[in-house]
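Reproduced below: coords.json, with JSON, C-alpha atoms.
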[["chain", "number", "residue", "atom", "x", "y", "z"],
["A", 1128, "MET", "CA", 134.39, 78.75, 172.75],
["A", 1129, "VAL", "CA", 131.26, 77.41, 174.48],
["A", 1130, "ALA", "CA", 131.72, 79.88, 177.35],
["A", 1131, "ALA", "CA", 132.16, 82.73, 174.91],
["A", 1132, "PHE", "CA", 129.03, 81.74, 173.01],
["A", 1133, "LEU", "CA", 126.96, 81.58, 176.19],
["A", 1134, "GLY", "CA", 128.35, 84.93, 177.26],
["A", 1135, "LEU", "CA", 127.31, 86.53, 173.99],
["A", 1136, "ARG", "CA", 123.84, 84.97, 174.18],
["A", 1137, "LEU", "CA", 123.36, 86.19, 177.73],
["A", 1138, "TYR", "CA", 124.51, 89.68, 176.69],
["A", 1139, "SER", "CA", 121.98, 89.77, 173.86],
["A", 1140, "VAL", "CA", 119.21, 88.50, 176.14],
["A", 1141, "LEU", "CA", 119.67, 91.01, 178.92],
["A", 1142, "GLY", "CA", 120.94, 93.94, 176.87],
["A", 1143, "ARG", "CA", 123.65, 96.49, 177.57],
["A", 1144, "ARG", "CA", 124.19, 97.65, 181.13],
["A", 1145, "ALA", "CA", 125.54, 101.21, 181.40],
["A", 1146, "GLU", "CA", 126.66, 102.89, 184.59],
["A", 1147, "HIS", "CA", 123.86, 104.99, 186.11],
["A", 1148, "GLU", "CA", 124.08, 107.58, 188.87],
["A", 1149, "GLU", "CA", 124.40, 106.02, 192.32],
["A", 1150, "GLU", "CA", 121.23, 105.75, 194.32],
["A", 1151, "SER", "CA", 119.99, 103.90, 197.36],
["A", 1152, "VAL", "CA", 118.35, 100.60, 196.56],
["A", 1153, "PRO", "CA", 115.03, 100.03, 198.35],
["A", 1154, "GLN", "CA", 114.53, 96.83, 200.32],
["A", 1155, "ARG", "CA", 111.67, 95.80, 198.04],
["A", 1156, "PHE", "CA", 110.03, 97.12, 194.90],
["A", 1157, "ASP", "CA", 106.39, 97.56, 194.01],
["A", 1158, "SER", "CA", 105.12, 94.62, 191.97],
["A", 1159, "GLU", "CA", 101.40, 95.23, 192.32],
["A", 1160, "ASP", "CA", 101.11, 95.82, 188.57],
["A", 1161, "LYS", "CA", 102.45, 92.37, 187.71],
["A", 1162, "PRO", "CA", 100.01, 90.83, 185.23],
["A", 1163, "ALA", "CA", 98.99, 87.19, 184.97],
["A", 1164, "GLY", "CA", 100.11, 87.03, 181.34],
["A", 1165, "ILE", "CA", 101.31, 89.15, 178.44],
["A", 1166, "PRO", "CA", 98.89, 90.73, 178.07],
["A", 1167, "ARG", "CA", 95.63, 89.75, 179.78],
["A", 1168, "PRO", "CA", 92.69, 88.77, 177.53],
["A", 1169, "LEU", "CA", 91.68, 92.02, 175.88],
["A", 1170, "PRO", "CA", 88.20, 93.38, 175.14],
["A", 1171, "ALA", "CA", 87.33, 94.46, 171.63],
["A", 1172, "ALA", "CA", 89.05, 97.84, 171.31],
["A", 1173, "PRO", "CA", 90.40, 98.59, 167.83],
["A", 1174, "VAL", "CA", 92.46, 101.71, 167.24],
["A", 1175, "ALA", "CA", 90.17, 104.53, 166.12],
["A", 1176, "PRO", "CA", 90.70, 105.94, 162.62],
["A", 1177, "ALA", "CA", 91.53, 109.33, 164.13],
["A", 1178, "ARG", "CA", 94.95, 109.82, 165.68],
["A", 1179, "SER", "CA", 94.69, 108.50, 169.25],
["A", 1180, "MET", "CA", 96.56, 109.67, 172.34],
["A", 1181, "GLU", "CA", 98.59, 106.43, 172.41],
["A", 1182, "LEU", "CA", 99.93, 107.17, 168.92],
["A", 1183, "GLU", "CA", 101.18, 110.70, 169.68],
["A", 1184, "GLY", "CA", 104.89, 110.94, 168.88],
["A", 1185, "VAL", "CA", 105.00, 107.53, 167.19],
["A", 1186, "MET", "CA", 106.97, 107.29, 163.94],
["A", 1187, "PRO", "CA", 104.78, 106.96, 160.82],
["A", 1188, "ALA", "CA", 106.09, 103.45, 160.03],
["A", 1189, "VAL", "CA", 105.34, 102.30, 163.58],
["A", 1190, "GLU", "CA", 101.88, 103.89, 163.52],
["A", 1191, "ARG", "CA", 101.12, 102.18, 160.23],
["A", 1192, "GLY", "CA", 102.11, 98.80, 161.65],
["A", 1193, "LEU", "CA", 99.98, 99.32, 164.76],
["A", 1194, "ARG", "CA", 96.96, 100.29, 162.68],
["A", 1195, "GLU", "CA", 97.39, 97.18, 160.51],
["A", 1196, "ILE", "CA", 97.48, 94.98, 163.62],
["A", 1197, "ALA", "CA", 94.43, 96.71, 165.10],
["A", 1198, "ALA", "CA", 92.50, 96.38, 161.82],
["A", 1199, "ALA", "CA", 93.22, 92.64, 161.72],
["A", 1200, "ASP", "CA", 92.67, 91.98, 165.44],
["A", 1201, "SER", "CA", 89.73, 93.73, 167.10],
["A", 1202, "ARG", "CA", 91.06, 92.80, 170.56],
["A", 1203, "PHE", "CA", 94.31, 94.73, 170.15],
["A", 1204, "ASN", "CA", 94.68, 97.78, 172.38],
["A", 1205, "ILE", "CA", 97.94, 99.74, 172.54],
["A", 1206, "ALA", "CA", 97.70, 100.85, 176.17],
["A", 1207, "GLN", "CA", 96.85, 97.36, 177.40],
["A", 1208, "PHE", "CA", 99.61, 95.85, 175.27],
["A", 1209, "LEU", "CA", 102.23, 98.18, 176.79],
["A", 1210, "GLU", "CA", 100.98, 97.44, 180.30],
["A", 1211, "GLY", "CA", 101.30, 93.73, 179.60],
["A", 1212, "ALA", "CA", 104.74, 94.18, 178.03],
["A", 1213, "ARG", "CA", 106.01, 95.98, 181.14],
["A", 1214, "GLY", "CA", 104.72, 93.17, 183.31],
["A", 1215, "ALA", "CA", 106.30, 90.57, 181.02],
["A", 1216, "TYR", "CA", 109.66, 92.36, 181.16],
["A", 1217, "ARG", "CA", 109.62, 92.17, 184.95],
["A", 1218, "MET", "CA", 108.42, 88.56, 185.02],
["A", 1219, "VAL", "CA", 110.97, 87.28, 182.50],
["A", 1220, "LEU", "CA", 113.90, 89.02, 184.21],
["A", 1221, "GLU", "CA", 112.90, 87.75, 187.65],
["A", 1222, "ALA", "CA", 112.34, 84.23, 186.32],
["A", 1223, "PHE", "CA", 115.78, 84.20, 184.73],
["A", 1224, "TRP", "CA", 117.46, 85.54, 187.84],
["A", 1225, "LYS", "CA", 115.74, 82.89, 190.01],
["A", 1226, "GLY", "CA", 116.16, 80.05, 187.53],
["A", 1227, "ASP", "CA", 112.39, 79.66, 187.10],
["A", 1228, "ARG", "CA", 112.25, 77.59, 183.92],
["A", 1229, "GLU", "CA", 108.48, 77.08, 184.05],
["A", 1230, "THR", "CA", 107.71, 80.80, 183.84],
["A", 1231, "LEU", "CA", 110.27, 81.30, 181.07],
["A", 1232, "ARG", "CA", 108.65, 78.48, 179.10],
["A", 1233, "GLU", "CA", 105.25, 80.18, 179.36],
["A", 1234, "LEU", "CA", 106.46, 83.62, 178.25],
["A", 1235, "CYS", "CA", 109.11, 82.88, 175.59],
["A", 1236, "ASP", "CA", 109.17, 81.20, 172.21],
["A", 1237, "ASP", "CA", 111.43, 78.20, 171.59],
["A", 1238, "ALA", "CA", 114.55, 80.10, 170.47],
["A", 1239, "VAL", "CA", 114.57, 82.65, 173.29],
["A", 1240, "TYR", "CA", 113.71, 79.97, 175.84],
["A", 1241, "ALA", "CA", 116.63, 77.85, 174.63],
["A", 1242, "SER", "CA", 119.06, 80.77, 175.05],
["A", 1243, "PHE", "CA", 117.83, 81.38, 178.60],
["A", 1244, "ILE", "CA", 118.18, 77.70, 179.49],
["A", 1245, "ALA", "CA", 121.72, 77.55, 178.09],
["A", 1246, "ALA", "CA", 122.69, 80.54, 180.26],
["A", 1247, "LEU", "CA", 120.98, 79.02, 183.31],
["A", 1248, "ASP", "CA", 122.75, 75.69, 182.84],
["A", 1249, "ALA", "CA", 126.13, 77.44, 182.55],
["A", 1250, "ARG", "CA", 125.44, 79.53, 185.65],
["A", 1251, "GLU", "CA", 124.38, 76.52, 187.70],
["A", 1252, "ALA", "CA", 127.39, 74.50, 186.52],
["A", 1253, "ALA", "CA", 129.63, 77.29, 187.79],
["A", 1254, "GLY", "CA", 127.79, 77.31, 191.14],
["A", 1255, "GLU", "CA", 126.83, 80.96, 190.72],
["A", 1256, "THR", "CA", 123.59, 82.72, 191.67],
["A", 1257, "LEU", "CA", 122.15, 86.13, 190.82],
["A", 1258, "ASP", "CA", 120.87, 88.48, 193.50],
["A", 1259, "ASN", "CA", 119.29, 91.11, 191.23],
["A", 1260, "THR", "CA", 116.50, 93.62, 191.79],
["A", 1261, "LEU", "CA", 114.52, 95.54, 189.19],
["A", 1262, "ILE", "CA", 114.29, 98.95, 190.82],
["A", 1263, "ARG", "CA", 112.06, 100.67, 188.27],
["A", 1264, "ILE", "CA", 111.21, 100.80, 184.59],
["A", 1265, "GLU", "CA", 111.99, 104.35, 183.51],
["A", 1266, "GLU", "CA", 110.68, 104.17, 179.94],
["A", 1267, "THR", "CA", 108.66, 101.87, 177.70],
["A", 1268, "ARG", "CA", 108.43, 102.79, 174.01],
["A", 1269, "ILE", "CA", 107.33, 100.92, 170.90],
["A", 1270, "GLN", "CA", 110.23, 100.77, 168.42],
["A", 1271, "SER", "CA", 108.58, 98.90, 165.56],
["A", 1272, "ALA", "CA", 105.34, 97.12, 164.68],
["A", 1273, "SER", "CA", 104.40, 94.90, 161.77],
["A", 1274, "LEU", "CA", 101.89, 92.35, 160.59],
["A", 1275, "GLU", "CA", 103.53, 89.51, 158.65],
["A", 1276, "GLY", "CA", 100.78, 87.28, 157.33],
["A", 1277, "ARG", "CA", 98.81, 86.42, 160.46],
["A", 1278, "THR", "CA", 101.70, 87.11, 162.83],
["A", 1279, "ALA", "CA", 101.83, 90.45, 164.64],
["A", 1280, "ARG", "CA", 105.26, 91.53, 165.92],
["A", 1281, "ILE", "CA", 105.94, 94.54, 168.15],
["A", 1282, "ALA", "CA", 109.39, 95.58, 169.39],
["A", 1283, "VAL", "CA", 109.50, 97.51, 172.68],
["A", 1284, "LEU", "CA", 112.37, 99.49, 174.18],
["A", 1285, "PHE", "CA", 112.69, 99.16, 177.95],
["A", 1286, "VAL", "CA", 114.92, 101.53, 179.92],
["A", 1287, "ALA", "CA", 115.23, 100.28, 183.50],
["A", 1288, "ASP", "CA", 117.33, 100.64, 186.64],
["A", 1289, "ILE", "CA", 118.65, 97.33, 187.98],
["A", 1290, "ALA", "CA", 120.75, 96.45, 191.02],
["A", 1291, "ALA", "CA", 122.79, 93.39, 189.99],
["A", 1292, "VAL", "CA", 124.97, 91.07, 192.08],
["A", 1293, "THR", "CA", 126.55, 87.72, 191.18],
["A", 1294, "ARG", "CA", 127.53, 85.36, 194.00],
["A", 1295, "ASP", "CA", 129.73, 82.26, 193.96],
["A", 1296, "LYS", "CA", 128.80, 78.87, 195.43],
["A", 1297, "SER", "CA", 129.85, 80.12, 198.90],
["A", 1298, "GLY", "CA", 127.61, 83.19, 198.68],
["A", 1299, "ASN", "CA", 130.47, 85.62, 198.17],
["A", 1300, "VAL", "CA", 129.89, 88.59, 195.85],
["A", 1301, "ILE", "CA", 132.05, 88.20, 192.74],
["A", 1302, "ALA", "CA", 130.45, 90.91, 190.57],
["A", 1303, "GLY", "CA", 128.14, 93.90, 190.94],
["A", 1304, "SER", "CA", 126.77, 95.73, 193.96],
["A", 1305, "LEU", "CA", 123.36, 96.11, 195.59],
["A", 1306, "ASP", "CA", 124.29, 99.68, 196.55],
["A", 1307, "ASP", "CA", 124.51, 100.91, 192.95],
["A", 1308, "ALA", "CA", 121.83, 100.73, 190.27],
["A", 1309, "VAL", "CA", 122.84, 100.43, 186.62],
["A", 1310, "GLU", "CA", 120.82, 101.43, 183.59],
["A", 1311, "SER", "CA", 119.64, 98.66, 181.30],
["A", 1312, "ARG", "CA", 118.40, 99.32, 177.75],
["A", 1313, "ASP", "CA", 116.72, 96.33, 176.13],
["A", 1314, "VAL", "CA", 114.67, 95.94, 172.96],
["A", 1315, "TRP", "CA", 112.35, 92.95, 173.23],
["A", 1316, "THR", "CA", 110.11, 91.80, 170.40],
["A", 1317, "PHE", "CA", 106.78, 90.16, 171.19],
["A", 1318, "SER", "CA", 104.75, 88.18, 168.67],
["A", 1319, "ARG", "CA", 101.28, 86.69, 168.42],
["A", 1320, "ASN", "CA", 99.30, 84.77, 165.83],
["A", 1321, "ILE", "CA", 96.20, 86.93, 165.52],
["A", 1322, "SER", "CA", 94.21, 83.92, 164.31],
["A", 1323, "SER", "CA", 94.77, 82.18, 167.64],
["A", 1324, "ARG", "CA", 92.22, 82.30, 170.45],
["A", 1325, "ASP", "CA", 95.10, 82.65, 172.89],
["A", 1326, "PRO", "CA", 95.35, 86.43, 173.61],
["A", 1327, "ASN", "CA", 98.87, 86.19, 175.04],
["A", 1328, "TRP", "CA", 102.01, 87.41, 173.30],
["A", 1329, "LEU", "CA", 105.35, 85.56, 173.39],
["A", 1330, "LEU", "CA", 108.84, 87.02, 173.66],
["A", 1331, "ASP", "CA", 110.52, 85.95, 170.40],
["A", 1332, "GLU", "CA", 113.61, 88.19, 170.15],
["A", 1333, "THR", "CA", 115.92, 90.14, 172.44],
["A", 1334, "ASP", "CA", 118.49, 92.80, 171.68],
["A", 1335, "GLU", "CA", 120.27, 95.70, 173.30],
["A", 1336, "GLY", "CA", 118.78, 99.19, 173.07]]
Starting from the coordinates I provided, produce the structure as structure tokens.
Amino acid sequence: MVAAFLGLRLYSVLGRRAEHEEESVPQRFDSEDKPAGIPRPLPAAPVAPARSMELEGVMPAVERGLREIAAADSRFNIAQFLEGARGAYRMVLEAFWKGDRETLRELCDDAVYASFIAALDAREAAGETLDNTLIRIEETRIQSASLEGRTARIAVLFVADIAAVTRDKSGNVIAGSLDDAVESRDVWTFSRNISSRDPNWLLDETDEG
């Protein structure tokens, strides 16, 4: 029962993996856009009253939520938020794959952090390691946005190609392949208390896309 629970938690954290067309996996991926936080401290840049380029194609309910957040927080900027969210997605995945608890603690709230740690403990107890590579993020799209009291919450859909391999304690591959990339669709929700001086957002919910 414990193993099943951990398996379900890990599935909800990392999202659904669907088979993607086979492609060659590069030896390394570009990580020059990795930010220092999620997102960096932002200059005052509220959303203009007129419909901005960043809001084109956004559902009315999502647009309304984004405008409410921008009206309450003059530092909020959609483009910079999405850039930071992409960087956070990469950083959190890589930290989980490597077992970097410190980075996970910095980027996740208590509940999400606890689920990651439970999965890490189970993986280490089994003597398994992950040899995964984030090839590219194909799409980043805001799914929902809301302001609940002083807490802003924004859910983001990430569609990414990932090469995933699981090895046993002897280094043998027991699952996955570095020769094939699979498509991952994850919806991650980030939150921030807009009254706080800390400009960073925390990952507070994960789901499959």
Determine, counting all atoms listed in the file, which protein, DNA and RNA residues have an atom within 12 Å of an atom of A:Glu1332; residues of the same chain fewer than 4 positions away are not included. Present the result as a VMD selection string. chain A and resid 1136 1139 to 1142 1234 to 1243 1280 to 1283 1313 to 1318
Quote the spacing between atom CA of A:Ala1287 and atom CA of A:Pro1326 in Å to one decimal place.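 So the answer is 26.2 Å.
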Distance criterion (all atoms listed in the file): nearest to A:Ser1297 out of A:Ala1249, A:Arg1213, A:Thr1256, A:Met1218: A:Thr1256
Selection near A:Val1286, 8 Å with only C-alpha atoms, sequence-local residues under 3 positions removed, as a PyMOL selection string: chain A and resi 1264-1267+1310-1313
Hey, can you check how far atom CA of A:Asp1227 sits from atom CA of A:Arg1263?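 Atom CA of A:Asp1227 sits 21.0 Å away from atom CA of A:Arg1263.
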In terms of the shortest atom-to-atom distance over only C-alpha atoms, which of A:Leu1257, A:Ala1290, A:Ala1272, A:Val1219 is closest to A:Val1185? A:Ala1272
Best match for closeness to A:Thr1333 among A:Ile1205, A:Ile1262, A:Ala1279, A:Leu1220, counting all atoms listed in the file: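 Selected residue with least distance to A:Thr1333: A:Leu1220.
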Ranking A:Thr1278, A:Asn1299, A:Ser1201, A:Thr1293 by minimum distance to A:Leu1329 and counting only C-alpha atoms, which one comes first?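 Of A:Thr1278, A:Asn1299, A:Ser1201, A:Thr1293, the one nearest A:Leu1329 is A:Thr1278, counting only C-alpha atoms.
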I need the residue nearest A:Ala1252 from this list: A:Asp1307, A:Asp1334, A:Asp1295, A:Glu1190. Use all atoms listed in the file for the distance.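 Of A:Asp1307, A:Asp1334, A:Asp1295, A:Glu1190, the one nearest A:Ala1252, counting all atoms listed in the file, is A:Asp1295.
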Using all atoms listed in the file, can you tell me which of A:Gly1254, A:Gly1226, A:Gly1276, A:Gly1211 comes closest to A:Ile1196? A:Gly1276
